[in-house]
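A short worksheet on the structure shown next.
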Amino acid sequence: MSVNRVFVIVLDSFGIGHAPDAADFGDEGSNTLGTIRRSPEYHTPNMKKLGLFCIDGVDPIENQPEVCGSYLRLFEASRGKDTTIGHWEIAGIISEKPMPTYPNGFPQEVLDEISRATGRGILCNRPYSGTDVIRDFGDEHVKTGDLIVYTSADSVLQIAAHEDVVPLEELYEICRKSRAIMQGEHGVGRIIARPFIGTSGQYQRTAHRHDFSLIPPKDTMMDVLVREGYDTLGVGKIYDIFAGKNVQKTVSIENNVDGMNKTLEFQKEDFHGLCFVNLVDFDMLYGHRNDIDGYAKAATVFDEQLGTFLANMREDDVLIITADHGCDPGFRGTDHSREGIPVLICGKPVNENVNLGTGNTFSNIGSTVLEMLGAKGSVQGESFWKNICR
């Protein structure tokens, strides 16, 4: 059967158990799905029917219903465990060198360049929680206008600023200038604008976050598709993660629920190609905050919306549900975890109850998407389409 549209939905950080090389990252024993499924808030009957609990390495459940899709586990080949590297690999790029991280803060020469380019001073300059940093440095920022610059365990430079002190467009321009500075040796995966509002003791981040990523260094599945005349749609952070490169139509989202609602709207449109979706709340709101029940409930809510999506699928649609890394809310620390990811594939063109086992790179997804759609051209990775197509 022919495929006209492919929807790839990334549940940001929905890992399913530590990878073989997890010890290299300090993540041996992490298991995001294993943690959240023990919560009383966890209930995902639709993903259960798609084969989530039949995947290699996932503890099976009693009374498994008949599986209505194909499924597999993938491990990451790239040297990293963050959003940018994970999504790039899904789209067909294996990153052999890790992007730079700054556990001790950024070098002074980098900060000096940012100050010269923006005309503003710098506060903090060390790894920090995004909510704690505005609590601890917000008053000084409001008083001085200096930028709150911080990082995390990921390859990121984050800039927090009060919307009344640094208007959004100025903050975004500051991030663009910082992106131009942070290249080469200091080419972090993302520069992230982190605007906030409120008064002393009551600061809160807004939904106006914006990511400024490196331009992908090689072809992604979107590059191949656009050259071949296919449509490419992005929901959520997809446009930012790929620096807008060959994401032809994009919509921003407020949260996971809004992201799925926007995806359901795209589902009504007549396009020929790919709709690529990122749902970030799993990671941002729950994984990094060690909120097990919150993460579990978010999975339950997604699964409810997934039921609506499945009911509305067309005869020539294929859905792929996957993840980009782990962020086990029950594991030590608050960082991403080096885990395998689930891949659930369904639709009328897909054979049911096919266990594809375990693969060694996320980029098998990108290669499969191209073969599904019949696009000429290739990315890194090996397609598994011939093993599941009707």
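Just so we're on the same page: first chain in the structure tokens is A, next is B, and so on; residues restart at 1 for each chain, and ligands are numbered from 1 in the order they show up.
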**Message:** Need to verify the contact set: range 134-136 of chain A, 10 Å, only C-alpha atoms, exclusion of same-chain residues closer than 6 positions in sequence. Can you return it as a count of residues only?
**Reply:** 17
**Request:** Do a neighbour search on Thr308 in chain A at 12 Å with only C-alpha atoms, toss out local chain neighbours closer than 4 positions, and write the hits as number ranges by chain.
**Result:** A: 46, 260-261, 263-265, 267, 301-304, 312-313
**Message:** as an NGL selection string, please: every residue in range 129-378 of chain A that DSSP puts in strand (DSSP E).
**Reply:** :A and (147-151 or 156-162 or 190-197 or 204-205 or 210-213 or 231-235 or 249-251 or 273-279 or 317-322 or 341-346 or 354-359)
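Take CA of Cys68 in chain A and CA of Lys49 in chain A: the distance between them is 6.0 Å.
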What's the 12 Å shell around Ile94 in chain A, counting only C-alpha atoms, without same-chain residues fewer than 5 positions away, as an mmCIF file with C-alpha atoms, in the first residue's frame?
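Output file result31.cif is given in full below:
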data_model
loop_
_atom_site.group_PDB
_atom_site.id
_atom_site.type_symbol
_atom_site.label_atom_id
_atom_site.label_comp_id
_atom_site.auth_asym_id
_atom_site.auth_seq_id
_atom_site.Cartn_x
_atom_site.Cartn_y
_atom_site.Cartn_z
ATOM 1 C CA PHE A 75 19.781 2.999 20.749
ATOM 2 C CA GLU A 76 21.605 6.226 19.957
ATOM 3 C CA ALA A 77 24.783 6.198 17.876
ATOM 4 C CA SER A 78 25.602 9.888 18.438
ATOM 5 C CA ARG A 79 27.785 10.954 21.344
ATOM 6 C CA GLY A 80 25.197 12.855 23.275
ATOM 7 C CA THR A 84 19.274 18.601 19.364
ATOM 8 C CA ILE A 85 21.463 15.540 18.868
ATOM 9 C CA GLY A 86 18.495 13.210 19.432
ATOM 10 C CA HIS A 87 16.243 14.914 16.893
ATOM 11 C CA TRP A 88 19.047 15.293 14.381
ATOM 12 C CA GLU A 89 19.695 11.570 14.630
ATOM 13 C CA PRO A 216 22.365 20.791 10.743
ATOM 14 C CA PRO A 217 25.702 19.911 9.088
ATOM 15 C CA LYS A 218 24.321 17.186 6.793
ATOM 16 C CA ASP A 219 21.122 16.297 4.982
ATOM 17 C CA THR A 220 18.108 15.474 7.124
ATOM 18 C CA ASN A 360 21.719 0.730 16.784
ATOM 19 C CA THR A 361 20.798 4.236 15.615
ATOM 20 C CA PHE A 362 17.808 6.573 15.782
ATOM 21 C CA SER A 363 18.528 7.517 12.163
ATOM 22 C CA ASN A 364 16.813 4.325 11.019
ATOM 23 C CA GLY A 366 14.611 9.045 9.011
ATOM 24 C CA VAL A 379 20.257 9.900 5.041
ATOM 25 C CA GLN A 380 22.317 7.931 7.518
ATOM 26 C CA GLY A 381 20.621 4.867 8.933
#
**Request:** Please provide as a list in words all residues within 12 Å of Ile253 in chain A, with the sequence filter that same-chain residues fewer than 6 positions apart are discarded (counting only C-alpha atoms).
**Result:**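 In the requested form, the answer reads Ala207, His208, Arg209, His210, Gly234, Val235, Gly236, Lys237, Ile238, Tyr239, Gly259, Met260, Asn261, Lys262, Thr263, Val277, Asn278, Leu279, Val280 and Asp281 of chain A.
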**Request:** Check the smallest atom-to-atom distance from each of A:Asp21, A:Met47, A:Gly119, A:Asp12 to Asn255 in chain A using only C-alpha atoms, then report the winner.
**Result:** A:Asp12
Test item: residues at most 6 Å from range 350-353 of chain A, only C-alpha atoms, excluding those fewer than 4 positions along its chain, as a JSON list (two decimals) with N, CA, C and O atoms, in the first residue's frame:
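Saved file part-v5.json follows:
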[["chain", "number", "residue", "atom", "x", "y", "z"],
["A", 67, "VAL", "N", -1.87, -6.61, 19.32],
["A", 67, "VAL", "CA", -1.11, -5.43, 18.91],
["A", 67, "VAL", "C", -1.51, -5.01, 17.51],
["A", 67, "VAL", "O", -1.56, -5.84, 16.58],
["A", 68, "CYS", "N", -1.79, -3.72, 17.33],
["A", 68, "CYS", "CA", -2.27, -3.22, 16.04],
["A", 68, "CYS", "C", -1.23, -2.36, 15.34],
["A", 68, "CYS", "O", -1.56, -1.48, 14.55],
["A", 69, "GLY", "N", 0.04, -2.63, 15.60],
["A", 69, "GLY", "CA", 1.10, -1.92, 14.91],
["A", 69, "GLY", "C", 2.39, -2.70, 14.99],
["A", 69, "GLY", "O", 2.43, -3.81, 15.54],
["A", 70, "SER", "N", 3.46, -2.15, 14.46],
["A", 70, "SER", "CA", 4.80, -2.73, 14.57],
["A", 70, "SER", "C", 5.62, -1.89, 15.54],
["A", 70, "SER", "O", 5.28, -0.73, 15.81],
["A", 346, "CYS", "N", 2.21, 2.59, 13.11],
["A", 346, "CYS", "CA", 0.89, 2.04, 12.80],
["A", 346, "CYS", "C", 0.27, 2.76, 11.63],
["A", 346, "CYS", "O", 0.71, 3.84, 11.22],
["A", 388, "ILE", "N", 7.96, -4.25, 7.45],
["A", 388, "ILE", "CA", 6.65, -4.03, 8.07],
["A", 388, "ILE", "C", 5.57, -3.59, 7.10],
["A", 388, "ILE", "O", 4.39, -3.55, 7.46],
["A", 389, "CYS", "N", 5.92, -3.30, 5.85],
["A", 389, "CYS", "CA", 4.90, -2.79, 4.91],
["A", 389, "CYS", "C", 4.02, -3.92, 4.42],
["A", 389, "CYS", "O", 4.45, -5.06, 4.27],
["A", 390, "ARG", "N", 2.75, -3.61, 4.20],
["A", 390, "ARG", "CA", 1.80, -4.62, 3.69],
["A", 390, "ARG", "C", 2.08, -4.89, 2.21],
["A", 390, "ARG", "O", 2.40, -3.99, 1.46]]
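Of the listed residues (A:Gly294, A:Gly273, A:Gly105, A:Pro65), A:Gly294 comes nearest to Pro40 in chain A; the distances count only C-alpha atoms.
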